[in-house]
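A.B. asks: What follows is start_6.txt, made up of compact mmCIF, C-alpha atoms and all ligand atoms:
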```txt
# COMPACT_ATOMS: atom_id res chain seq x y z
CA MET A 1323 0.00 0.00 0.00
CA ASN A 1324 1.34 3.45 -0.92
CA HIS A 1325 0.70 6.14 1.62
CA ILE A 1326 1.70 9.48 0.15
CA LEU A 1327 1.98 12.72 2.06
CA VAL A 1328 0.96 15.73 -0.03
CA LEU A 1329 2.31 19.09 1.07
CA HIS A 1330 0.73 22.03 -0.71
CA THR A 1331 2.81 25.20 -0.56
CA GLY A 1332 0.96 27.55 -2.96
CA GLY A 1333 1.99 28.90 -6.37
CA THR A 1334 0.01 29.20 -9.59
CA ILE A 1335 -1.24 25.61 -9.16
CA ALA A 1336 -3.24 26.88 -6.16
CA MET A 1337 -4.28 30.21 -7.73
CA LYS A 1338 -7.16 31.49 -9.85
CA GLU A 1339 -7.44 34.06 -12.60
CA ASP A 1340 -9.89 36.93 -12.23
CA LEU A 1341 -11.65 36.53 -15.56
CA GLN A 1342 -12.54 40.24 -15.70
CA THR A 1343 -9.10 41.72 -15.03
CA GLY A 1344 -6.84 38.81 -16.01
CA LYS A 1345 -4.98 39.09 -12.68
CA VAL A 1346 -3.83 35.77 -11.24
CA HIS A 1347 -4.09 35.68 -7.45
CA PRO A 1348 -3.75 33.29 -4.50
CA GLU A 1349 -6.95 31.67 -3.19
CA ASN A 1350 -7.91 30.90 0.40
CA ASP A 1351 -9.32 27.54 -0.66
CA ASN A 1352 -6.77 25.56 -2.63
CA PRO A 1353 -8.64 24.32 -5.74
CA LEU A 1354 -6.65 21.05 -5.58
CA LEU A 1355 -8.41 20.13 -2.33
CA SER A 1356 -11.80 19.84 -4.02
CA ALA A 1357 -10.47 18.24 -7.24
CA VAL A 1358 -11.62 14.73 -8.13
CA LEU A 1359 -8.44 12.67 -8.48
CA THR A 1360 -7.69 9.41 -10.21
CA LEU A 1361 -5.19 7.68 -7.95
CA PRO A 1362 -2.89 4.76 -8.78
CA GLU A 1363 -3.98 1.39 -7.35
CA ASN A 1364 -3.38 0.81 -3.64
CA THR A 1365 -2.59 4.44 -2.99
CA LYS A 1366 -3.92 6.67 -0.28
CA LEU A 1367 -3.14 10.34 0.32
CA THR A 1368 -2.76 12.44 3.43
CA VAL A 1369 -2.98 16.08 2.39
CA GLU A 1370 -1.60 19.04 4.32
CA GLU A 1371 -1.77 22.71 3.40
CA PHE A 1372 1.74 23.45 4.55
CA PHE A 1373 2.02 27.00 3.15
CA ASN A 1374 -0.03 29.05 0.75
CA LEU A 1375 2.69 31.23 -0.74
CA PRO A 1376 3.58 32.53 -4.16
CA SER A 1377 6.99 30.97 -4.68
CA PRO A 1378 8.90 34.30 -4.79
CA HIS A 1379 7.94 34.46 -1.08
CA ILE A 1380 9.64 31.13 -0.32
CA THR A 1381 12.96 31.36 1.55
CA PRO A 1382 15.52 28.76 2.70
CA ARG A 1383 13.74 28.80 6.09
CA HIS A 1384 10.57 27.52 4.39
CA MET A 1385 12.68 24.86 2.67
CA LEU A 1386 14.06 23.83 6.05
CA GLU A 1387 10.49 23.52 7.42
CA LEU A 1388 9.57 21.29 4.49
CA LYS A 1389 12.66 19.17 5.06
CA LYS A 1390 11.78 18.66 8.73
CA ARG A 1391 8.20 17.65 7.84
CA ILE A 1392 9.51 15.12 5.30
CA GLN A 1393 11.94 13.65 7.83
CA GLN A 1394 9.03 13.25 10.22
CA ALA A 1395 6.96 11.68 7.41
CA ALA A 1396 9.66 9.04 6.87
CA LEU A 1397 9.39 8.11 10.56
CA GLN A 1398 5.59 7.96 10.21
CA ASN A 1399 5.99 5.33 7.46
CA PHE A 1400 4.79 7.42 4.56
CA THR A 1401 6.04 5.80 1.34
CA GLY A 1402 6.47 9.01 -0.63
CA VAL A 1403 5.95 12.77 -0.61
CA VAL A 1404 4.39 15.05 -3.22
CA ILE A 1405 4.95 18.80 -2.93
CA THR A 1406 3.01 21.35 -4.96
CA HIS A 1407 4.92 24.59 -5.37
CA GLY A 1408 5.08 27.80 -7.39
CA THR A 1409 7.31 27.33 -10.40
CA ASP A 1410 9.45 30.47 -9.96
CA THR A 1411 11.58 29.00 -7.17
CA LEU A 1412 10.52 25.35 -7.50
CA GLU A 1413 13.98 24.30 -8.68
CA GLU A 1414 15.54 25.84 -5.56
CA THR A 1415 13.28 24.05 -3.08
CA ALA A 1416 13.75 20.82 -5.06
CA PHE A 1417 17.53 21.25 -5.04
CA PHE A 1418 17.64 22.10 -1.34
CA LEU A 1419 15.70 18.95 -0.45
CA ASP A 1420 17.80 16.87 -2.84
CA THR A 1421 21.08 18.13 -1.39
CA THR A 1422 19.99 17.56 2.20
CA ILE A 1423 17.67 14.50 2.31
CA GLY A 1424 17.17 13.47 -1.33
CA ASP A 1425 17.58 9.74 -0.73
CA LEU A 1426 15.21 9.44 2.23
CA LEU A 1427 12.10 8.45 0.26
CA PRO A 1428 10.59 9.44 -3.11
CA ILE A 1429 10.06 13.22 -3.01
CA VAL A 1430 8.29 14.60 -6.07
CA ILE A 1431 7.67 18.30 -6.71
CA THR A 1432 5.23 19.74 -9.19
CA GLY A 1433 3.50 22.99 -10.08
CA ALA A 1434 1.55 24.62 -12.87
CA MET A 1435 2.04 27.35 -15.43
CA ARG A 1436 -1.68 28.09 -15.82
CA SER A 1437 -3.83 28.70 -12.77
CA SER A 1438 -6.75 26.47 -11.83
CA ASN A 1439 -9.56 28.15 -13.81
CA GLU A 1440 -7.58 29.07 -16.94
CA VAL A 1441 -8.20 27.30 -20.26
CA GLY A 1442 -5.61 24.52 -20.61
CA SER A 1443 -4.73 24.62 -16.91
CA ASP A 1444 -1.97 22.08 -16.28
CA GLY A 1445 -2.20 21.93 -12.48
CA LEU A 1446 -4.47 18.96 -11.91
CA TYR A 1447 -2.73 16.91 -14.60
CA ASN A 1448 0.73 17.62 -13.15
CA TYR A 1449 -0.56 16.87 -9.64
CA GLU A 1450 -1.90 13.46 -10.71
CA SER A 1451 1.36 12.76 -12.59
CA ALA A 1452 3.41 13.61 -9.49
CA ILE A 1453 1.31 11.23 -7.38
CA ARG A 1454 1.83 8.48 -9.96
CA VAL A 1455 5.61 9.03 -9.87
CA ALA A 1456 5.71 9.11 -6.04
CA ALA A 1457 3.78 5.82 -5.98
CA CYS A 1458 6.10 4.13 -8.49
CA PRO A 1459 8.64 1.70 -6.90
CA GLN A 1460 11.34 2.76 -9.42
CA SER A 1461 11.27 6.31 -8.07
CA LYS A 1462 13.19 5.21 -4.96
CA GLY A 1463 16.85 6.19 -4.77
CA LYS A 1464 16.63 8.75 -7.58
CA GLY A 1465 16.84 11.88 -5.47
CA VAL A 1466 14.21 14.59 -5.55
CA LEU A 1467 12.21 14.52 -8.78
CA VAL A 1468 10.54 17.42 -10.58
CA VAL A 1469 7.46 16.30 -12.51
CA MET A 1470 5.88 18.65 -15.05
CA ASN A 1471 4.33 18.23 -18.47
CA ASP A 1472 4.82 14.43 -18.75
CA GLU A 1473 8.54 14.61 -17.89
CA ILE A 1474 10.58 13.60 -14.84
CA HIS A 1475 13.65 15.72 -14.13
CA SER A 1476 16.34 15.39 -11.50
CA ALA A 1477 16.23 18.27 -9.03
CA ARG A 1478 19.98 18.45 -9.37
CA TYR A 1479 20.00 19.87 -12.88
CA VAL A 1480 16.50 21.02 -13.81
CA THR A 1481 15.77 24.70 -14.36
CA LYS A 1482 12.84 26.92 -15.34
CA THR A 1483 13.52 28.06 -18.89
CA HIS A 1484 10.37 29.82 -20.10
CA THR A 1485 8.25 32.51 -18.47
CA THR A 1486 4.87 31.10 -19.49
CA ASN A 1487 5.13 27.90 -21.55
CA VAL A 1488 3.89 24.68 -19.91
CA ALA A 1489 7.10 22.97 -21.13
CA THR A 1490 9.19 25.36 -19.05
CA PHE A 1491 11.21 22.86 -16.96
CA ARG A 1492 14.26 21.63 -18.82
CA THR A 1493 17.49 19.88 -17.94
CA PRO A 1494 20.24 21.50 -20.05
CA THR A 1495 22.82 19.09 -21.51
CA LEU A 1496 21.24 15.91 -20.14
CA GLY A 1497 17.48 16.05 -20.67
CA PRO A 1498 14.80 14.48 -18.46
CA ILE A 1499 15.60 11.26 -16.57
CA GLY A 1500 12.17 9.81 -17.23
CA LEU A 1501 8.84 10.11 -19.00
CA ILE A 1502 5.24 9.72 -17.94
CA THR A 1503 3.05 7.97 -20.49
CA LYS A 1504 -0.64 7.05 -20.31
CA SER A 1505 0.11 3.77 -18.60
CA GLN A 1506 3.73 3.87 -17.47
CA ILE A 1507 6.44 5.70 -15.58
CA GLN A 1508 9.63 5.17 -17.60
CA PHE A 1509 13.06 6.00 -16.17
CA MET A 1510 15.83 6.26 -18.76
CA GLN A 1511 18.87 7.64 -16.92
CA MET A 1512 20.74 6.76 -13.74
CA LEU A 1513 22.15 9.47 -11.49
CA ILE A 1514 25.63 9.37 -10.04
CA GLU A 1515 25.96 9.16 -6.25
CA ILE A 1516 26.47 12.47 -4.45
CA LYS A 1517 27.29 13.41 -0.90
CA ARG A 1518 24.30 14.89 0.90
CA MET A 1519 24.51 17.20 3.89
CA ASP A 1520 21.65 17.55 6.30
CA VAL A 1521 21.38 20.98 7.92
CA THR A 1522 19.53 22.39 10.88
CA HIS A 1523 20.11 26.06 10.11
CA VAL A 1524 20.19 28.14 6.94
CA ASP A 1525 21.69 31.37 8.21
CA GLY A 1526 24.10 33.57 6.33
CA ALA A 1527 24.48 36.17 3.62
CA ILE A 1528 25.51 34.67 0.28
CA PRO A 1529 24.67 36.90 -2.68
CA ILE A 1530 24.91 36.07 -6.38
CA ILE A 1531 26.71 38.41 -8.77
CA LYS A 1532 26.55 38.05 -12.54
CA ALA A 1533 29.52 38.95 -14.73
CA TYR A 1534 29.15 40.89 -17.98
CA ALA A 1535 31.29 42.56 -20.60
CA GLY A 1536 32.80 45.77 -19.22
CA MET A 1537 31.91 44.87 -15.62
CA GLN A 1538 33.19 47.44 -13.13
CA THR A 1539 34.03 46.75 -9.48
CA ASP A 1540 31.57 49.11 -7.70
CA LEU A 1541 29.18 46.44 -6.42
CA LEU A 1542 31.98 44.00 -5.60
CA ASP A 1543 33.84 46.76 -3.73
CA ILE A 1544 30.80 47.26 -1.48
CA LEU A 1545 30.45 43.52 -0.94
CA ALA A 1546 34.15 43.16 -0.13
CA GLN A 1547 33.64 45.49 2.84
CA GLY A 1548 30.46 43.81 4.09
CA ASN A 1549 29.74 40.84 6.29
CA LEU A 1550 29.42 38.03 3.80
CA ASP A 1551 29.38 34.29 4.44
CA GLY A 1552 30.14 33.56 0.82
CA LEU A 1553 29.68 34.77 -2.73
CA VAL A 1554 28.54 33.05 -5.91
CA ILE A 1555 29.72 34.59 -9.14
CA GLU A 1556 28.16 33.75 -12.50
CA ALA A 1557 31.22 33.98 -14.67
CA LEU A 1558 31.63 34.18 -18.44
CA GLY A 1559 31.96 31.11 -20.66
CA ALA A 1560 34.00 28.26 -19.18
CA GLY A 1561 34.70 30.39 -16.09
CA ASN A 1562 36.44 33.72 -16.75
CA LEU A 1563 35.99 37.24 -15.41
CA PRO A 1564 36.76 40.79 -16.53
CA PRO A 1565 40.22 41.50 -15.04
CA LYS A 1566 39.26 44.42 -12.76
CA THR A 1567 37.00 42.18 -10.69
CA ARG A 1568 40.01 40.32 -9.32
CA ILE A 1569 40.89 43.12 -6.88
CA PRO A 1570 37.72 43.04 -4.73
CA LEU A 1571 37.54 39.24 -5.08
CA GLN A 1572 41.09 38.97 -3.79
CA LYS A 1573 40.07 41.11 -0.78
CA MET A 1574 37.20 38.76 0.02
CA LEU A 1575 39.43 35.70 -0.26
CA ALA A 1576 41.93 37.35 2.07
CA ARG A 1577 39.09 37.62 4.60
CA ASN A 1578 38.37 33.87 4.16
CA ILE A 1579 35.03 34.49 2.42
CA PRO A 1580 34.46 31.50 0.12
CA ILE A 1581 33.86 32.46 -3.51
CA VAL A 1582 32.15 29.93 -5.75
CA LEU A 1583 32.19 30.32 -9.51
CA VAL A 1584 29.59 28.96 -11.94
CA SER A 1585 29.17 29.71 -15.63
CA ARG A 1586 26.45 32.01 -16.90
CA CYS A 1587 26.12 29.63 -19.89
CA PHE A 1588 22.95 27.56 -19.99
CA ASN A 1589 24.78 24.37 -21.04
CA GLY A 1590 28.04 22.67 -20.13
CA SER A 1591 30.45 22.69 -17.23
CA ALA A 1592 32.60 25.43 -15.67
CA GLU A 1593 36.29 24.61 -15.87
CA ALA A 1594 39.56 26.48 -15.38
CA VAL A 1595 40.92 26.58 -18.93
CA TYR A 1596 42.17 30.04 -19.85
CA ASP A 1597 45.48 31.56 -18.87
CA TYR A 1598 45.16 35.37 -19.13
CA PRO A 1599 44.31 38.11 -16.58
CA GLY A 1600 40.88 37.11 -15.25
CA GLY A 1601 41.07 33.71 -16.97
CA GLY A 1602 39.86 30.59 -15.15
CA LYS A 1603 43.37 29.29 -14.40
CA GLU A 1604 44.26 32.45 -12.51
CA LEU A 1605 40.91 32.58 -10.69
CA GLN A 1606 41.33 29.01 -9.52
CA GLN A 1607 44.87 29.73 -8.35
CA MET A 1608 43.56 32.68 -6.35
CA GLY A 1609 41.34 30.22 -4.44
CA ILE A 1610 38.00 30.64 -6.19
CA ILE A 1611 36.09 27.34 -6.10
CA PHE A 1612 34.75 26.15 -9.45
CA CYS A 1613 31.30 24.56 -9.23
CA PRO A 1614 31.11 22.76 -12.56
CA THR A 1615 27.49 21.85 -13.31
CA LEU A 1616 25.15 23.99 -11.22
CA ASN A 1617 23.44 27.24 -12.02
CA SER A 1618 24.01 30.14 -9.65
CA GLN A 1619 20.78 29.82 -7.65
CA LYS A 1620 21.56 26.18 -6.89
CA ALA A 1621 25.25 26.83 -6.16
CA ARG A 1622 24.12 29.50 -3.71
CA LEU A 1623 21.93 27.03 -1.81
CA LYS A 1624 24.73 24.47 -1.82
CA LEU A 1625 27.16 27.03 -0.39
CA LEU A 1626 24.56 28.04 2.21
CA ILE A 1627 24.17 24.38 3.23
CA ALA A 1628 27.95 23.92 3.35
CA SER A 1629 28.38 27.10 5.36
CA ASN A 1630 25.83 25.93 7.94
CA CYS A 1631 27.55 22.52 8.15
CA HIS A 1632 30.88 24.25 8.99
CA LEU A 1633 32.98 22.29 6.50
CA THR A 1634 36.75 22.55 6.37
CA LYS A 1635 38.26 24.26 3.32
CA GLN A 1636 38.99 20.97 1.55
CA GLU A 1637 35.58 19.49 2.45
CA LEU A 1638 33.95 22.60 1.01
CA ILE A 1639 35.91 22.29 -2.24
CA ASP A 1640 35.02 18.59 -2.58
CA PHE A 1641 31.34 19.24 -1.81
CA MET A 1642 31.02 22.14 -4.24
CA GLN A 1643 32.88 20.38 -7.04
CA GLN A 1644 31.03 17.04 -7.01
N1 LIG A 1701 4.69 33.22 -9.79
C1 LIG A 1701 4.19 31.89 -9.58
C2 LIG A 1701 4.85 31.29 -8.36
O1 LIG A 1701 5.98 30.85 -8.49
C3 LIG A 1701 4.45 31.07 -10.76
C4 LIG A 1701 3.97 29.67 -10.67
O2 LIG A 1701 3.54 29.16 -9.66
O3 LIG A 1701 4.07 29.02 -11.73
O4 LIG A 1701 4.24 31.21 -7.33
```
As structure tokens, what does this structure read like?
Ligand code: ASP
C.D. replies:
Amino acid sequence: MNHILVLHTGGTIAMKEDLQTGKVHPENDNPLLSAVLTLPENTKLTVEEFFNLPSPHITPRHMLELKKRIQQAALQNFTGVVITHGTDTLEETAFFLDTTIGDLLPIVITGAMRSSNEVGSDGLYNYESAIRVAACPQSKGKGVLVVMNDEIHSARYVTKTHTTNVATFRTPTLGPIGLITKSQIQFMQMLIEIKRMDVTHVDGAIPIIKAYAGMQTDLLDILAQGNLDGLVIEALGAGNLPPKTRIPLQKMLARNIPIVLVSRCFNGSAEAVYDYPGGGKELQQMGIIFCPTLNSQKARLKLLIASNCHLTKQELIDFMQQ
């Protein structure tokens, strides 16, 4: 018997459109609660309205609350968890849970691009698909899964790629790890093992800065004087920066503030290749940690987790680079 815990957290999937003004707004009564669902065989749900928040209001503290509830659910013998969530920060909550407790039990996150009363609303369909995936025995040991639009993505690599299209969630370079068909859940890729770090706190200031052609140092100069717990920089190409930026970055490193570098490219892996002022080789030598395959919002969460686990310098490098 599958006993799945559903945690609703809000987002478009729980919203309605005002048909007169076109404004999409949160509802007091989640439309998913009154929906008639087709459940997989031998499956029962326990449903909790955990939050009712647009996902731009979600913070790492909310993610920590979700994590604690899921850990409790595992002790209560639930066989899987489905989370409904706004799509704007869905990948961050999914990644946070994956990096902390992703192998505990099947955890499936879904959302919608069209609210509950819009023509072509995808919420109920995605919700049923997520329940099917959470109830599927093959979903065990695959980390946190993001289910949208008939596809299953690993929380590790998935990202929101389109502002409005229902096919917004994509996994650059690798593609989805599975598909949902009328009658089956098909997994097609295996994930490599990663080290997970459970956390009890998510405190700290870790901003993200994006590099661009002609970047000046004004913002970095301010940050170099502030109380930071880390910095994530979205660098150019394989991992290079405009040369002037090295001065404030050097100051931060001298103060033992960890700096993690990701690429601003949508595809591929960050790697120290180039040997010129501001090139990746020099940045790595300075002590900047390359985080090869994550986007900046995920690298930030990973650094926040690492920072709250008080890792040594080498442990931090190994954790960020895996
Ligand atoms: N702005 C909405 C949110 O993230 C978008 C969505 O749910 O799709 O809450």
A.B. asks: List as JSON, numbers by chain the protein and nucleic acid residues lying within 10 Å of ligand LIG 1701 (chain A), with all atoms listed in the file counted.
C.D. replies: {"A": [1331, 1332, 1333, 1334, 1335, 1336, 1337, 1346, 1347, 1348, 1374, 1375, 1376, 1377, 1378, 1379, 1380, 1406, 1407, 1408, 1409, 1410, 1411, 1412, 1432, 1433, 1434, 1435, 1436, 1437, 1445, 1482, 1485, 1486, 1487, 1488, 1490]}
A.B. asks: Around (8.4, 4.0, -9.4) in the file's own coordinates, what residues are found within 12 Å if you use all atoms listed in the file, given back as a PyMOL selection string?
C.D. replies: chain A and resi 1324+1362+1401-1402+1427-1430+1451-1464+1467+1474+1500-1502+1506-1509
A.B. asks: Kindly extract all protein, DNA and RNA residues lying within 9 Å of the coordinates (21.6, 23.6, -13.0) given in the file, considering all atoms listed in the file, and supply them as a VMD selection string.
C.D. replies: chain A and resid 1413 1477 to 1481 1493 to 1494 1588 to 1589 1615 to 1621
A.B. asks: What is the CA of Leu1327 in chain A-CA of Asn1439 in chain A distance in Å, reported with one decimal?
C.D. replies: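 Value for the CA of Leu1327 in chain A-CA of Asn1439 in chain A distance: 25.0 Å.
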A.B. asks: Considering only C-alpha atoms, return as number ranges by chain whatever protein or nucleic-acid residues lie within 9 Å of range 1567-1584 of chain A, sequence-local ones (same chain, fewer than 2 positions apart) excluded.
C.D. replies: A: 1537-1539, 1542-1547, 1550-1558, 1560-1561, 1563-1565, 1586-1587, 1591-1593, 1599-1600, 1605, 1608-1618, 1621-1622, 1625, 1635, 1638, 1642
A.B. asks: Determine the nearest neighbour of Pro1529 in chain A from the options A:Met1512, A:Ile1499, A:Leu1623, A:Leu1446, counting all atoms listed in the file.
C.D. replies: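 Looking only at the distances to Pro1529 in chain A, the closest residue turns out to be A:Leu1623.
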A.B. asks: Could you work out how far CA of Ile1326 in chain A lies from CA of Phe1400 in chain A, giving the answer in Å with one decimal?
C.D. replies: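 Taking CA of Phe1400 in chain A as the start and CA of Ile1326 in chain A as the end point, the length is 5.8 Å.
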A.B. asks: If we count all atoms listed in the file, what is near Pro1382 in chain A at a cut-off of 12 Å, once residues fewer than 3 positions away on the same chain are taken out, given as a PyMOL selection string?
C.D. replies: chain A and resi 1377-1379+1385-1389+1411-1412+1414-1419+1521-1528+1619-1620+1622-1624+1626-1627+1630
A.B. asks: Separation of CA of Glu1349 in chain A and CA of Met1470 in chain A, in Å?
C.D. replies: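 If I compute the distance from CA of Glu1349 in chain A to CA of Met1470 in chain A, I get 21.8 Å.
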A.B. asks: Name the closest residue to Thr1422 in chain A among the candidates A:Leu1496, A:Glu1637, A:Ile1392, A:Ala1357; distances are taken between atoms, counting all atoms listed in the file.
C.D. replies: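 Smallest separation from Thr1422 in chain A among the options: A:Ile1392.
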A.B. asks: Point out the residue among A:Ala1535, A:Leu1541, A:Leu1367, A:Ala1628 with the least atom-to-atom distance to Lys1517 in chain A, counting all atoms listed in the file.
C.D. replies: A:Ala1628
A.B. asks: What lies within 8 Å of Val1369 in chain A using all atoms listed in the file, ignoring chain neighbours under 4 positions off, as JSON, numbers by chain?
C.D. replies: {"A": [1327, 1328, 1329, 1330]}
A.B. asks: In terms of the shortest atom-to-atom distance over only C-alpha atoms, which of A:Gly1344, A:Glu1515, A:Phe1641, A:Asn1562 is closest to Lys1603 in chain A?
C.D. replies: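 Closest to Lys1603 in chain A of all the choices is A:Asn1562.
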A.B. asks: Ranking A:Ser1476, A:Thr1634, A:Gln1398, A:Asn1350 by minimum distance to Ile1514 in chain A and counting all atoms listed in the file, which one comes first?
C.D. replies: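 Among the listed residues, the smallest separation from Ile1514 in chain A belongs to A:Ser1476.
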A.B. asks: Considering only C-alpha atoms, state which residue in the set A:Thr1368, A:Ser1505, A:Asn1549, A:Gln1606 is at the smallest distance from Ala1594 in chain A.
C.D. replies: A:Gln1606
A.B. asks: Only all heavy atoms, as a short mmCIF file (atom, residue, chain, number, x, y, z; two decimals), in the first residue's frame: that is what I want for range 1609-1617 of chain A.
C.D. replies:
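File written: decode-v1.cif
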```
data_model
loop_
_atom_site.label_atom_id
_atom_site.label_comp_id
_atom_site.auth_asym_id
_atom_site.auth_seq_id
_atom_site.Cartn_x
_atom_site.Cartn_y
_atom_site.Cartn_z
N GLY A 1609 42.11 30.91 -5.49
CA GLY A 1609 41.34 30.22 -4.44
C GLY A 1609 39.84 30.23 -4.67
O GLY A 1609 39.07 29.84 -3.79
N ILE A 1610 39.43 30.68 -5.85
CA ILE A 1610 38.00 30.64 -6.19
C ILE A 1610 37.63 29.19 -6.50
O ILE A 1610 38.36 28.49 -7.21
CB ILE A 1610 37.71 31.59 -7.37
CG1 ILE A 1610 37.94 33.03 -6.92
CG2 ILE A 1610 36.30 31.38 -7.93
CD1 ILE A 1610 37.74 34.08 -7.97
N ILE A 1611 36.50 28.75 -5.94
CA ILE A 1611 36.09 27.34 -6.10
C ILE A 1611 35.19 27.22 -7.33
O ILE A 1611 34.15 27.87 -7.40
CB ILE A 1611 35.34 26.84 -4.85
CG1 ILE A 1611 36.23 26.99 -3.60
CG2 ILE A 1611 34.86 25.41 -5.03
CD1 ILE A 1611 35.49 26.78 -2.28
N PHE A 1612 35.58 26.38 -8.27
CA PHE A 1612 34.75 26.15 -9.45
C PHE A 1612 33.66 25.13 -9.11
O PHE A 1612 33.93 24.07 -8.56
CB PHE A 1612 35.60 25.62 -10.62
CG PHE A 1612 36.26 26.72 -11.39
CD1 PHE A 1612 37.11 27.61 -10.76
CD2 PHE A 1612 36.01 26.88 -12.75
CE1 PHE A 1612 37.72 28.64 -11.47
CE2 PHE A 1612 36.61 27.90 -13.46
CZ PHE A 1612 37.46 28.79 -12.83
N CYS A 1613 32.43 25.47 -9.45
CA CYS A 1613 31.30 24.56 -9.23
C CYS A 1613 30.80 24.19 -10.63
O CYS A 1613 30.12 24.98 -11.29
CB CYS A 1613 30.23 25.30 -8.43
SG CYS A 1613 28.81 24.30 -8.06
N PRO A 1614 31.19 23.01 -11.13
CA PRO A 1614 31.11 22.76 -12.56
C PRO A 1614 29.70 22.76 -13.19
O PRO A 1614 29.51 23.35 -14.23
CB PRO A 1614 31.78 21.40 -12.74
CG PRO A 1614 31.96 20.83 -11.38
CD PRO A 1614 31.83 21.93 -10.39
N THR A 1615 28.73 22.12 -12.55
CA THR A 1615 27.49 21.85 -13.31
C THR A 1615 26.24 22.54 -12.79
O THR A 1615 25.16 22.31 -13.32
CB THR A 1615 27.22 20.33 -13.33
OG1 THR A 1615 27.26 19.86 -11.98
CG2 THR A 1615 28.23 19.58 -14.17
N LEU A 1616 26.37 23.37 -11.79
CA LEU A 1616 25.15 23.99 -11.22
C LEU A 1616 24.95 25.40 -11.75
O LEU A 1616 25.90 26.09 -12.09
CB LEU A 1616 25.25 24.05 -9.70
CG LEU A 1616 25.32 22.71 -8.96
CD1 LEU A 1616 25.35 22.94 -7.46
CD2 LEU A 1616 24.16 21.80 -9.33
N ASN A 1617 23.68 25.83 -11.75
CA ASN A 1617 23.44 27.24 -12.02
C ASN A 1617 23.65 28.03 -10.72
O ASN A 1617 23.84 27.44 -9.64
CB ASN A 1617 22.05 27.47 -12.65
CG ASN A 1617 20.90 27.06 -11.75
OD1 ASN A 1617 21.02 27.03 -10.53
ND2 ASN A 1617 19.77 26.75 -12.35
#
```
